[in-house]
>>> print(open('structure27.cif').read())   # mmCIF, C-alpha atoms
data_data
loop_
_atom_site.group_PDB
_atom_site.id
_atom_site.type_symbol
_atom_site.label_atom_id
_atom_site.label_comp_id
_atom_site.auth_asym_id
_atom_site.auth_seq_id
_atom_site.Cartn_x
_atom_site.Cartn_y
_atom_site.Cartn_z
ATOM 1 C CA MET A 168 -6.270 63.816 -55.412
ATOM 2 C CA LEU A 169 -8.129 62.947 -58.604
ATOM 3 C CA HIS A 170 -11.850 63.244 -59.255
ATOM 4 C CA LEU A 171 -12.875 60.328 -61.480
ATOM 5 C CA GLN A 172 -15.182 61.640 -64.180
ATOM 6 C CA GLY A 173 -16.697 59.929 -67.159
ATOM 7 C CA PRO A 174 -18.375 56.520 -67.319
ATOM 8 C CA TRP A 175 -15.278 54.607 -68.417
ATOM 9 C CA MET A 176 -13.264 55.644 -65.335
ATOM 10 C CA LEU A 177 -16.094 54.689 -62.980
ATOM 11 C CA GLN A 178 -16.536 51.369 -64.753
ATOM 12 C CA ILE A 179 -12.829 50.631 -64.322
ATOM 13 C CA LEU A 180 -13.146 51.570 -60.641
ATOM 14 C CA GLU A 181 -16.124 49.242 -60.193
ATOM 15 C CA LYS A 182 -14.225 46.309 -61.724
ATOM 16 C CA SER A 183 -11.192 47.042 -59.567
ATOM 17 C CA LEU A 184 -13.243 47.221 -56.365
ATOM 18 C CA MET A 185 -14.867 43.888 -57.207
ATOM 19 C CA LYS A 186 -11.447 42.267 -56.847
ATOM 20 C CA HIS A 187 -11.253 43.447 -53.218
ATOM 21 C CA LEU A 188 -14.597 42.154 -51.968
ATOM 22 C CA PRO A 189 -15.852 41.825 -49.315
ATOM 23 C CA GLU A 190 -13.743 44.592 -47.700
ATOM 24 C CA SER A 191 -14.665 46.995 -50.521
ATOM 25 C CA LEU A 192 -18.386 46.124 -50.406
ATOM 26 C CA LYS A 193 -19.777 49.441 -49.165
ATOM 27 C CA VAL A 194 -17.813 51.418 -51.763
ATOM 28 C CA TYR A 195 -18.369 48.839 -54.498
ATOM 29 C CA GLY A 196 -22.145 49.021 -54.001
ATOM 30 C CA THR A 197 -22.056 52.812 -54.178
ATOM 31 C CA VAL A 198 -19.979 52.894 -57.370
ATOM 32 C CA PHE A 199 -22.292 50.304 -58.933
ATOM 33 C CA HIS A 200 -25.215 52.707 -58.474
ATOM 34 C CA MET A 201 -23.149 55.632 -59.727
ATOM 35 C CA ASN A 202 -22.747 53.613 -62.916
ATOM 36 C CA GLN A 203 -26.540 53.189 -63.057
ATOM 37 C CA GLY A 204 -27.151 56.928 -63.464
ATOM 38 C CA ASN A 205 -25.720 58.306 -60.202
ATOM 39 C CA PRO A 206 -29.135 59.304 -58.787
ATOM 40 C CA PHE A 207 -27.656 60.655 -55.528
ATOM 41 C CA LYS A 208 -25.185 62.939 -57.373
ATOM 42 C CA LEU A 209 -22.044 61.462 -55.855
ATOM 43 C CA LYS A 210 -18.382 61.875 -56.829
ATOM 44 C CA ALA A 211 -15.459 59.447 -56.611
ATOM 45 C CA LEU A 212 -12.061 60.659 -55.395
ATOM 46 C CA VAL A 213 -8.842 58.630 -55.460
ATOM 47 C CA ASP A 214 -5.347 59.402 -54.241
ATOM 48 C CA LYS A 215 -3.832 58.266 -57.562
ATOM 49 C CA TRP A 216 -4.911 56.569 -60.766
ATOM 50 C CA PRO A 217 -5.209 53.925 -61.970
ATOM 51 C CA ASP A 218 -3.215 52.180 -59.224
ATOM 52 C CA PHE A 219 -5.097 53.837 -56.371
ATOM 53 C CA ASN A 220 -4.634 53.048 -52.706
ATOM 54 C CA THR A 221 -7.685 54.833 -51.305
ATOM 55 C CA VAL A 222 -11.060 55.772 -52.799
ATOM 56 C CA VAL A 223 -13.618 58.075 -51.207
ATOM 57 C CA ILE A 224 -17.192 58.474 -52.447
ATOM 58 C CA ARG A 225 -18.922 61.666 -51.345
ATOM 59 C CA PRO A 226 -21.694 64.013 -52.466
ATOM 60 C CA LEU A 227 -21.001 66.975 -54.704
ATOM 61 C CA GLU A 228 -20.191 70.128 -52.728
ATOM 62 C CA GLN A 229 -23.444 71.822 -53.761
ATOM 63 C CA GLU A 230 -25.370 68.958 -52.135
ATOM 64 C CA MET A 231 -23.631 69.426 -48.753
ATOM 65 C CA THR A 232 -25.085 72.803 -47.814
ATOM 66 C CA ASP A 233 -26.312 71.895 -44.314
ATOM 67 C CA ASP A 234 -23.338 71.624 -41.959
ATOM 68 C CA LEU A 235 -25.477 69.719 -39.432
ATOM 69 C CA ASP A 236 -26.881 67.111 -41.827
ATOM 70 C CA HIS A 237 -24.668 64.056 -41.445
ATOM 71 C CA TYR A 238 -27.156 61.942 -43.427
ATOM 72 C CA THR A 239 -26.286 63.959 -46.531
ATOM 73 C CA ASN A 240 -22.673 64.593 -45.491
ATOM 74 C CA THR A 241 -21.811 60.906 -45.814
ATOM 75 C CA TYR A 242 -18.552 59.432 -47.100
ATOM 76 C CA GLN A 243 -17.866 55.849 -48.182
ATOM 77 C CA ILE A 244 -14.214 54.786 -47.939
ATOM 78 C CA TYR A 245 -12.130 51.852 -49.074
ATOM 79 C CA SER A 246 -8.337 51.642 -48.757
ATOM 80 C CA LYS A 247 -5.991 48.885 -49.879
ATOM 81 C CA ASP A 248 -3.598 49.978 -47.125
ATOM 82 C CA PRO A 249 -5.412 51.848 -44.307
ATOM 83 C CA LYS A 250 -2.074 52.660 -42.642
ATOM 84 C CA LYS A 251 -1.168 54.870 -45.601
ATOM 85 C CA CYS A 252 -4.371 56.830 -46.155
ATOM 86 C CA GLN A 253 -4.349 59.423 -43.344
ATOM 87 C CA GLU A 254 -2.795 62.217 -45.409
ATOM 88 C CA PHE A 255 -5.333 61.732 -48.201
ATOM 89 C CA LEU A 256 -8.329 61.582 -45.836
ATOM 90 C CA GLY A 257 -7.041 64.596 -43.944
ATOM 91 C CA SER A 258 -7.277 66.845 -46.992
ATOM 92 C CA PRO A 259 -10.190 69.326 -46.758
ATOM 93 C CA GLU A 260 -10.795 68.739 -50.468
ATOM 94 C CA VAL A 261 -11.562 65.107 -49.681
ATOM 95 C CA ILE A 262 -13.420 65.342 -46.347
ATOM 96 C CA ASN A 263 -14.920 68.505 -44.893
ATOM 97 C CA TRP A 264 -14.092 67.944 -41.231
ATOM 98 C CA LYS A 265 -15.825 71.224 -40.278
ATOM 99 C CA GLN A 266 -19.238 69.641 -40.857
ATOM 100 C CA HIS A 267 -21.245 67.060 -38.970
ATOM 101 C CA LEU A 268 -20.541 63.973 -41.053
ATOM 102 C CA GLN A 269 -20.574 60.221 -41.136
ATOM 103 C CA ILE A 270 -18.117 57.801 -42.697
ATOM 104 C CA GLN A 271 -19.150 54.313 -43.778
ATOM 105 C CA SER A 272 -16.867 51.420 -44.660
ATOM 106 C CA SER A 273 -16.587 47.649 -44.601
ATOM 107 C CA GLN A 274 -13.121 48.049 -43.030
ATOM 108 C CA SER A 275 -12.856 48.303 -39.256
ATOM 109 C CA SER A 276 -9.103 48.785 -39.827
ATOM 110 C CA LEU A 277 -9.854 52.419 -40.726
ATOM 111 C CA ASP A 278 -10.807 53.154 -37.115
ATOM 112 C CA LYS A 279 -7.365 54.345 -35.976
ATOM 113 C CA VAL A 280 -6.951 56.723 -38.922
ATOM 114 C CA ILE A 281 -10.452 58.175 -38.535
ATOM 115 C CA THR A 282 -10.003 58.572 -34.778
ATOM 116 C CA ASN A 283 -6.669 60.344 -35.345
ATOM 117 C CA LEU A 284 -8.135 62.697 -37.934
ATOM 118 C CA ALA A 285 -11.137 63.471 -35.736
ATOM 119 C CA ALA A 286 -8.754 64.438 -32.907
ATOM 120 C CA ILE A 287 -6.632 66.595 -35.234
ATOM 121 C CA ASN A 288 -9.749 68.363 -36.491
ATOM 122 C CA LEU A 289 -11.219 68.769 -32.983
ATOM 123 C CA SER A 290 -14.176 66.470 -33.563
ATOM 124 C CA LYS A 291 -15.710 63.825 -31.360
ATOM 125 C CA VAL A 292 -16.336 60.500 -33.058
ATOM 126 C CA LYS A 293 -18.754 57.626 -32.397
ATOM 127 C CA HIS A 294 -18.012 54.271 -34.011
ATOM 128 C CA THR A 295 -20.913 51.900 -34.707
ATOM 129 C CA GLN A 296 -20.107 48.350 -35.802
ATOM 130 C CA CYS A 297 -22.634 45.810 -37.073
ATOM 131 C CA PHE A 298 -22.695 42.397 -38.714
ATOM 132 C CA LEU A 299 -22.549 42.512 -42.522
ATOM 133 C CA TYR A 300 -24.323 40.071 -44.839
ATOM 134 C CA MET A 301 -24.512 39.496 -48.586
ATOM 135 C CA ILE A 302 -27.692 38.126 -50.085
ATOM 136 C CA PHE A 303 -27.015 34.552 -51.237
ATOM 137 C CA ASP A 304 -27.308 35.178 -54.987
ATOM 138 C CA THR A 305 -25.060 38.234 -54.765
ATOM 139 C CA ALA A 306 -22.427 36.272 -52.849
ATOM 140 C CA LYS A 307 -22.681 33.409 -55.336
ATOM 141 C CA LYS A 308 -21.968 35.845 -58.170
ATOM 142 C CA LEU A 309 -19.396 38.155 -56.573
ATOM 143 C CA ALA A 310 -17.759 36.169 -53.764
ATOM 144 C CA PRO A 311 -18.532 32.432 -54.063
ATOM 145 C CA PHE A 312 -15.507 31.619 -51.910
ATOM 146 C CA LEU A 313 -17.474 32.931 -48.903
ATOM 147 C CA ILE A 314 -20.374 30.503 -49.269
ATOM 148 C CA ALA A 315 -20.359 27.429 -47.068
ATOM 149 C CA LYS A 316 -20.555 24.202 -49.070
ATOM 150 C CA ASN A 317 -23.756 23.079 -47.340
ATOM 151 C CA LEU A 318 -25.562 26.415 -47.795
ATOM 152 C CA SER A 319 -28.336 26.724 -50.364
ATOM 153 C CA PRO A 320 -30.475 29.711 -51.393
ATOM 154 C CA SER A 321 -33.764 27.940 -50.640
ATOM 155 C CA GLY A 322 -34.056 28.938 -47.005
ATOM 156 C CA ASP A 323 -36.416 27.145 -44.646
ATOM 157 C CA GLY A 324 -39.623 28.181 -46.387
ATOM 158 C CA TYR A 325 -42.045 30.914 -45.404
ATOM 159 C CA PRO A 326 -45.132 30.692 -43.221
ATOM 160 C CA PRO A 327 -48.237 31.393 -45.308
ATOM 161 C CA ILE A 328 -49.357 35.004 -45.417
ATOM 162 C CA ASN A 329 -52.998 36.089 -45.206
ATOM 163 C CA GLN A 330 -53.382 37.632 -48.646
ATOM 164 C CA GLU A 331 -56.747 39.143 -47.759
ATOM 165 C CA MET A 332 -55.188 40.994 -44.830
ATOM 166 C CA PHE A 333 -51.790 41.934 -46.311
ATOM 167 C CA LYS A 334 -51.002 43.349 -49.751
ATOM 168 C CA HIS A 335 -47.556 43.792 -51.311
ATOM 169 C CA SER A 336 -46.876 47.378 -52.337
ATOM 170 C CA SER A 337 -44.224 50.112 -52.367
ATOM 171 C CA LEU A 338 -43.730 53.019 -50.012
ATOM 172 C CA ASP A 339 -44.873 56.545 -50.741
ATOM 173 C CA VAL A 340 -43.025 59.662 -49.568
ATOM 174 C CA ALA A 341 -45.919 60.213 -47.165
ATOM 175 C CA HIS A 342 -44.832 57.022 -45.346
ATOM 176 C CA ALA A 343 -41.388 58.437 -44.527
ATOM 177 C CA ALA A 344 -42.542 59.711 -41.136
ATOM 178 C CA LEU A 345 -43.590 56.186 -40.127
ATOM 179 C CA VAL A 346 -40.248 54.720 -41.228
ATOM 180 C CA ASN A 347 -38.435 57.526 -39.425
ATOM 181 C CA GLN A 348 -40.178 56.762 -36.127
ATOM 182 C CA ILE A 349 -38.787 53.215 -36.032
ATOM 183 C CA TRP A 350 -35.412 53.558 -37.789
ATOM 184 C CA HIS A 351 -32.593 53.089 -35.269
ATOM 185 C CA PHE A 352 -30.510 55.884 -36.844
ATOM 186 C CA GLY A 353 -33.485 58.196 -37.436
ATOM 187 C CA GLY A 354 -36.107 60.017 -35.419
ATOM 188 C CA ASN A 355 -35.357 63.575 -36.504
ATOM 189 C CA GLU A 356 -36.144 66.030 -39.283
ATOM 190 C CA ARG A 357 -32.940 65.454 -41.240
ATOM 191 C CA SER A 358 -33.269 61.677 -41.142
ATOM 192 C CA GLN A 359 -36.819 61.989 -42.455
ATOM 193 C CA ARG A 360 -35.593 64.063 -45.401
ATOM 194 C CA PHE A 361 -33.017 61.352 -46.126
ATOM 195 C CA ILE A 362 -35.695 58.632 -45.991
ATOM 196 C CA GLU A 363 -37.923 60.671 -48.313
ATOM 197 C CA ARG A 364 -35.054 60.961 -50.775
ATOM 198 C CA CYS A 365 -34.421 57.205 -50.682
ATOM 199 C CA ILE A 366 -38.117 56.494 -51.293
ATOM 200 C CA ARG A 367 -38.195 58.890 -54.254
ATOM 201 C CA THR A 368 -34.964 57.587 -55.764
ATOM 202 C CA PHE A 369 -34.841 53.822 -55.216
ATOM 203 C CA PRO A 370 -37.316 50.914 -55.246
ATOM 204 C CA SER A 371 -38.995 50.288 -51.894
ATOM 205 C CA PHE A 372 -41.092 47.358 -50.727
ATOM 206 C CA CYS A 373 -43.785 46.989 -48.079
ATOM 207 C CA LEU A 374 -46.817 45.094 -46.905
ATOM 208 C CA LEU A 375 -49.999 47.084 -46.416
ATOM 209 C CA GLY A 376 -52.162 46.038 -43.476
ATOM 210 C CA PRO A 377 -55.959 45.865 -43.208
ATOM 211 C CA GLU A 378 -56.202 49.655 -42.910
ATOM 212 C CA GLY A 379 -54.177 50.221 -46.068
ATOM 213 C CA THR A 380 -51.071 51.539 -44.275
ATOM 214 C CA PRO A 381 -47.610 49.929 -44.238
ATOM 215 C CA VAL A 382 -47.029 47.410 -41.471
ATOM 216 C CA SER A 383 -43.665 46.055 -42.686
ATOM 217 C CA TRP A 384 -41.112 47.464 -45.149
ATOM 218 C CA SER A 385 -37.567 47.587 -46.483
ATOM 219 C CA LEU A 386 -35.738 50.336 -48.411
ATOM 220 C CA MET A 387 -32.463 50.783 -50.265
ATOM 221 C CA ASP A 388 -29.940 53.616 -49.841
ATOM 222 C CA GLN A 389 -27.403 55.296 -52.144
ATOM 223 C CA THR A 390 -24.838 52.563 -51.494
ATOM 224 C CA GLY A 391 -27.215 49.851 -52.710
ATOM 225 C CA GLU A 392 -27.592 48.484 -49.197
ATOM 226 C CA LEU A 393 -30.972 47.113 -48.106
ATOM 227 C CA ARG A 394 -31.778 49.240 -45.072
ATOM 228 C CA MET A 395 -34.375 50.545 -42.629
ATOM 229 C CA GLY A 396 -36.363 47.312 -42.662
ATOM 230 C CA ALA A 397 -38.916 47.125 -39.870
ATOM 231 C CA THR A 398 -42.349 45.910 -38.798
ATOM 232 C CA VAL A 399 -44.723 47.962 -36.664
ATOM 233 C CA SER A 400 -45.128 46.631 -33.137
ATOM 234 C CA GLY A 401 -48.652 45.262 -33.499
ATOM 235 C CA TYR A 402 -47.668 42.948 -36.370
ATOM 236 C CA ARG A 403 -44.335 41.514 -35.252
ATOM 237 C CA GLY A 404 -43.782 37.792 -34.860
ATOM 238 C CA GLN A 405 -45.607 36.916 -38.119
ATOM 239 C CA SER A 406 -42.527 36.743 -40.408
ATOM 240 C CA LEU A 407 -43.797 39.731 -42.396
ATOM 241 C CA ILE A 408 -40.310 41.200 -42.845
ATOM 242 C CA ARG A 409 -39.202 37.907 -44.419
ATOM 243 C CA HIS A 410 -41.956 38.191 -47.012
ATOM 244 C CA VAL A 411 -41.036 41.811 -47.746
ATOM 245 C CA SER A 412 -37.317 41.031 -47.957
ATOM 246 C CA HIS A 413 -37.873 38.003 -50.172
ATOM 247 C CA ARG A 414 -39.900 40.069 -52.647
ATOM 248 C CA GLN A 415 -37.304 42.850 -52.504
ATOM 249 C CA MET A 416 -34.412 40.480 -53.187
ATOM 250 C CA GLN A 417 -36.240 38.776 -56.057
ATOM 251 C CA SER A 418 -37.133 42.073 -57.730
ATOM 252 C CA LEU A 419 -33.778 43.798 -57.314
ATOM 253 C CA GLY A 420 -31.823 40.621 -58.052
ATOM 254 C CA LYS A 421 -33.450 40.410 -61.486
ATOM 255 C CA ARG A 422 -32.057 43.880 -62.173
ATOM 256 C CA GLY A 423 -28.541 42.748 -61.351
ATOM 257 C CA PHE A 424 -28.117 44.851 -58.204
ATOM 258 C CA PRO A 425 -25.498 43.677 -55.673
ATOM 259 C CA LEU A 426 -27.560 43.151 -52.535
ATOM 260 C CA TYR A 427 -26.323 43.287 -48.969
ATOM 261 C CA ALA A 428 -27.413 44.462 -45.528
ATOM 262 C CA HIS A 429 -26.242 44.956 -41.963
ATOM 263 C CA VAL A 430 -27.745 43.845 -38.663
ATOM 264 C CA ASP A 431 -27.064 45.316 -35.241
ATOM 265 C CA LYS A 432 -25.025 42.978 -33.062
ATOM 266 C CA ALA A 433 -27.691 43.239 -30.355
ATOM 267 C CA ASN A 434 -30.606 42.511 -32.713
ATOM 268 C CA HIS A 435 -30.853 38.760 -32.242
ATOM 269 C CA VAL A 436 -34.302 38.577 -33.857
ATOM 270 C CA MET A 437 -33.047 39.922 -37.194
ATOM 271 C CA GLN A 438 -29.949 37.745 -36.973
ATOM 272 C CA LYS A 439 -32.247 34.732 -36.884
ATOM 273 C CA VAL A 440 -34.239 36.124 -39.805
ATOM 274 C CA VAL A 441 -31.191 36.563 -42.051
ATOM 275 C CA ALA A 442 -29.942 33.110 -41.048
ATOM 276 C CA LYS A 443 -33.261 31.555 -42.101
ATOM 277 C CA MET A 444 -33.026 33.427 -45.409
ATOM 278 C CA HIS A 445 -29.492 31.997 -45.829
ATOM 279 C CA ASN A 446 -27.879 35.404 -46.244
ATOM 280 C CA VAL A 447 -24.121 34.982 -46.204
ATOM 281 C CA PRO A 448 -22.220 36.479 -43.223
ATOM 282 C CA MET A 449 -19.176 38.500 -44.232
ATOM 283 C CA PRO A 450 -15.794 38.136 -42.494
ATOM 284 C CA CYS A 451 -15.645 41.938 -42.259
ATOM 285 C CA ASP A 452 -17.960 44.343 -40.428
ATOM 286 C CA TRP A 453 -20.328 47.163 -41.319
ATOM 287 C CA ASN A 454 -18.819 50.339 -39.843
ATOM 288 C CA GLN A 455 -20.104 53.860 -39.389
ATOM 289 C CA TRP A 456 -18.250 56.742 -37.756
ATOM 290 C CA ASN A 457 -20.283 59.797 -36.765
ATOM 291 C CA CYS A 458 -18.056 62.859 -36.408
ATOM 292 C CA VAL A 459 -19.183 66.096 -34.773
ATOM 293 C CA PRO A 460 -16.967 69.207 -34.511
ATOM 294 C CA LEU A 461 -16.481 70.333 -30.920
#
>>> encode(input="structure27.cif", output="structure tokens")
Amino acid sequence: MLHLQGPWMLQILEKSLMKHLPESLKVYGTVFHMNQGNPFKLKALVDKWPDFNTVVIRPLEQEMTDDLDHYTNTYQIYSKDPKKCQEFLGSPEVINWKQHLQIQSSQSSLDKVITNLAAINLSKVKHTQCFLYMIFDTAKKLAPFLIAKNLSPSGDGYPPINQEMFKHSSLDVAHAALVNQIWHFGGNERSQRFIERCIRTFPSFCLLGPEGTPVSWSLMDQTGELRMGATVSGYRGQSLIRHVSHRQMQSLGKRGFPLYAHVDKANHVMQKVVAKMHNVPMPCDWNQWNCVPL
């Protein structure tokens, strides 16, 4: 195991991961943000260097003090050969299997290895799989071979928004409780702390309603993924999330961020939204494994 330290090693890693898109997307996005100042205090581990097979991104040990906080105890994994990474991932120096944790990857082929390791370490595991999309401009830059020839970034236009009723803004930490109520993976104290940290650390985007409170929003997490987007129930069906997302993509795109997102396979409404925005579907999936020691 080798801990990659110093900006030049992480820059080499980022360039190498770019060659393996889209399967490396979740790890690539994380390393990109590590190279932008590493605001979430993450570390990159590889099994060998520079010709690595497997890379794991995880928080520093001093950040993982709550054994029950899987939002903090999160690992991003990419492997060139998932069949040969079990020994590396089984090392306690790489993954602390004694904690509640979650593993994220753009490779569903890691499922067998993770399931095996969870069984060895007496943990139960829940695998969540979603559709994965790149924003058009990101795909055009990083993976143009995935863009259909007849696809353009223009989308189908946006219904007009009542600018007297809705105002573009950003989220405040005080809004985390509202986001937490609606977020599919949230609804508890630890998830709210994670949302608060994302709001403090990364740009967020929202529309304020007539009462001056957020009615639609989208955030970004430590992997650079656009996440937690939602609209409160009383304002749905007005394309507000499209306006928020469009502003988010324009702003972050100008800063050179690789932009991508996932959508639940049962969320047909959001699937239609991303299709109208001409986001590019990836041939691989968004995967998350939640592991809990028995």
>>> resolve_selection(input="structure27.cif", expression="the PyMOL selection byres ((chain A and resi 228-234) around 6)", output="ChimeraX atom specification")
/A:227,235-236,240,266-267
>>> resolve_selection(input="structure27.cif", expression="the PyMOL selection byres ((chain A and resi 375) around 10)", output="list of chain:residue names")
A:Met332, A:Phe333, A:Lys334, A:His335, A:Ser336, A:Ser337, A:Leu338, A:Phe372, A:Cys373, A:Leu374, A:Gly376, A:Pro377, A:Glu378, A:Gly379, A:Thr380, A:Pro381, A:Val382, A:Ser383, A:Trp384
>>> residues_near_point(input="structure27.cif", point="(-32.1, 50.1, -45.6)", cutoff="12 Å", atoms="all atoms listed in the file", output="compact mmCIF listing (two decimals) with C-alpha atoms, in the frame of the given file")
# COMPACT_ATOMS: atom_id res chain seq x y z
CA VAL A 346 -40.25 54.72 -41.23
CA ASN A 347 -38.44 57.53 -39.42
CA TRP A 350 -35.41 53.56 -37.79
CA HIS A 351 -32.59 53.09 -35.27
CA PHE A 352 -30.51 55.88 -36.84
CA GLY A 353 -33.48 58.20 -37.44
CA PHE A 361 -33.02 61.35 -46.13
CA ILE A 362 -35.70 58.63 -45.99
CA CYS A 365 -34.42 57.20 -50.68
CA ILE A 366 -38.12 56.49 -51.29
CA PHE A 369 -34.84 53.82 -55.22
CA PRO A 370 -37.32 50.91 -55.25
CA SER A 371 -38.99 50.29 -51.89
CA PHE A 372 -41.09 47.36 -50.73
CA TRP A 384 -41.11 47.46 -45.15
CA SER A 385 -37.57 47.59 -46.48
CA LEU A 386 -35.74 50.34 -48.41
CA MET A 387 -32.46 50.78 -50.26
CA ASP A 388 -29.94 53.62 -49.84
CA GLN A 389 -27.40 55.30 -52.14
CA THR A 390 -24.84 52.56 -51.49
CA GLY A 391 -27.22 49.85 -52.71
CA GLU A 392 -27.59 48.48 -49.20
CA LEU A 393 -30.97 47.11 -48.11
CA ARG A 394 -31.78 49.24 -45.07
CA MET A 395 -34.38 50.54 -42.63
CA GLY A 396 -36.36 47.31 -42.66
CA ALA A 397 -38.92 47.12 -39.87
CA SER A 412 -37.32 41.03 -47.96
CA GLN A 415 -37.30 42.85 -52.50
CA LEU A 426 -27.56 43.15 -52.54
CA TYR A 427 -26.32 43.29 -48.97
CA ALA A 428 -27.41 44.46 -45.53
CA HIS A 429 -26.24 44.96 -41.96
CA VAL A 430 -27.74 43.84 -38.66
>>> closest_residue(input="structure27.cif", among="A:Gly401, A:Tyr300, A:Phe424, A:Ile328", to="A:Phe199", atoms="all atoms listed in the file")
A:Phe424
>>> resolve_selection(input="structure27.cif", expression="the PyMOL selection byres ((chain A and resi 206-221) around 10)", output="mmCIF file with C-alpha atoms, in the frame of the given file")
data_model
loop_
_atom_site.group_PDB
_atom_site.id
_atom_site.type_symbol
_atom_site.label_atom_id
_atom_site.label_comp_id
_atom_site.auth_asym_id
_atom_site.auth_seq_id
_atom_site.Cartn_x
_atom_site.Cartn_y
_atom_site.Cartn_z
ATOM 1 C CA MET A 168 -6.270 63.816 -55.412
ATOM 2 C CA LEU A 169 -8.129 62.947 -58.604
ATOM 3 C CA HIS A 170 -11.850 63.244 -59.255
ATOM 4 C CA LEU A 171 -12.875 60.328 -61.480
ATOM 5 C CA GLN A 172 -15.182 61.640 -64.180
ATOM 6 C CA MET A 176 -13.264 55.644 -65.335
ATOM 7 C CA LEU A 177 -16.094 54.689 -62.980
ATOM 8 C CA ILE A 179 -12.829 50.631 -64.322
ATOM 9 C CA LEU A 180 -13.146 51.570 -60.641
ATOM 10 C CA SER A 183 -11.192 47.042 -59.567
ATOM 11 C CA VAL A 194 -17.813 51.418 -51.763
ATOM 12 C CA THR A 197 -22.056 52.812 -54.178
ATOM 13 C CA VAL A 198 -19.979 52.894 -57.370
ATOM 14 C CA HIS A 200 -25.215 52.707 -58.474
ATOM 15 C CA MET A 201 -23.149 55.632 -59.727
ATOM 16 C CA ASN A 202 -22.747 53.613 -62.916
ATOM 17 C CA GLN A 203 -26.540 53.189 -63.057
ATOM 18 C CA GLY A 204 -27.151 56.928 -63.464
ATOM 19 C CA ASN A 205 -25.720 58.306 -60.202
ATOM 20 C CA VAL A 222 -11.060 55.772 -52.799
ATOM 21 C CA VAL A 223 -13.618 58.075 -51.207
ATOM 22 C CA ILE A 224 -17.192 58.474 -52.447
ATOM 23 C CA ARG A 225 -18.922 61.666 -51.345
ATOM 24 C CA PRO A 226 -21.694 64.013 -52.466
ATOM 25 C CA LEU A 227 -21.001 66.975 -54.704
ATOM 26 C CA GLU A 228 -20.191 70.128 -52.728
ATOM 27 C CA GLN A 229 -23.444 71.822 -53.761
ATOM 28 C CA GLU A 230 -25.370 68.958 -52.135
ATOM 29 C CA THR A 239 -26.286 63.959 -46.531
ATOM 30 C CA TYR A 242 -18.552 59.432 -47.100
ATOM 31 C CA GLN A 243 -17.866 55.849 -48.182
ATOM 32 C CA ILE A 244 -14.214 54.786 -47.939
ATOM 33 C CA TYR A 245 -12.130 51.852 -49.074
ATOM 34 C CA SER A 246 -8.337 51.642 -48.757
ATOM 35 C CA LYS A 247 -5.991 48.885 -49.879
ATOM 36 C CA ASP A 248 -3.598 49.978 -47.125
ATOM 37 C CA PRO A 249 -5.412 51.848 -44.307
ATOM 38 C CA LYS A 251 -1.168 54.870 -45.601
ATOM 39 C CA CYS A 252 -4.371 56.830 -46.155
ATOM 40 C CA GLN A 253 -4.349 59.423 -43.344
ATOM 41 C CA GLU A 254 -2.795 62.217 -45.409
ATOM 42 C CA PHE A 255 -5.333 61.732 -48.201
ATOM 43 C CA LEU A 256 -8.329 61.582 -45.836
ATOM 44 C CA GLU A 260 -10.795 68.739 -50.468
ATOM 45 C CA VAL A 261 -11.562 65.107 -49.681
ATOM 46 C CA ARG A 364 -35.054 60.961 -50.775
ATOM 47 C CA CYS A 365 -34.421 57.205 -50.682
ATOM 48 C CA THR A 368 -34.964 57.587 -55.764
ATOM 49 C CA PHE A 369 -34.841 53.822 -55.216
ATOM 50 C CA ASP A 388 -29.940 53.616 -49.841
ATOM 51 C CA GLN A 389 -27.403 55.296 -52.144
ATOM 52 C CA THR A 390 -24.838 52.563 -51.494
#
>>> closest_residue(input="structure27.cif", among="A:Val440, A:Ala306, A:Cys458, A:Ile262", to="A:Pro425", atoms="only C-alpha atoms")
A:Ala306
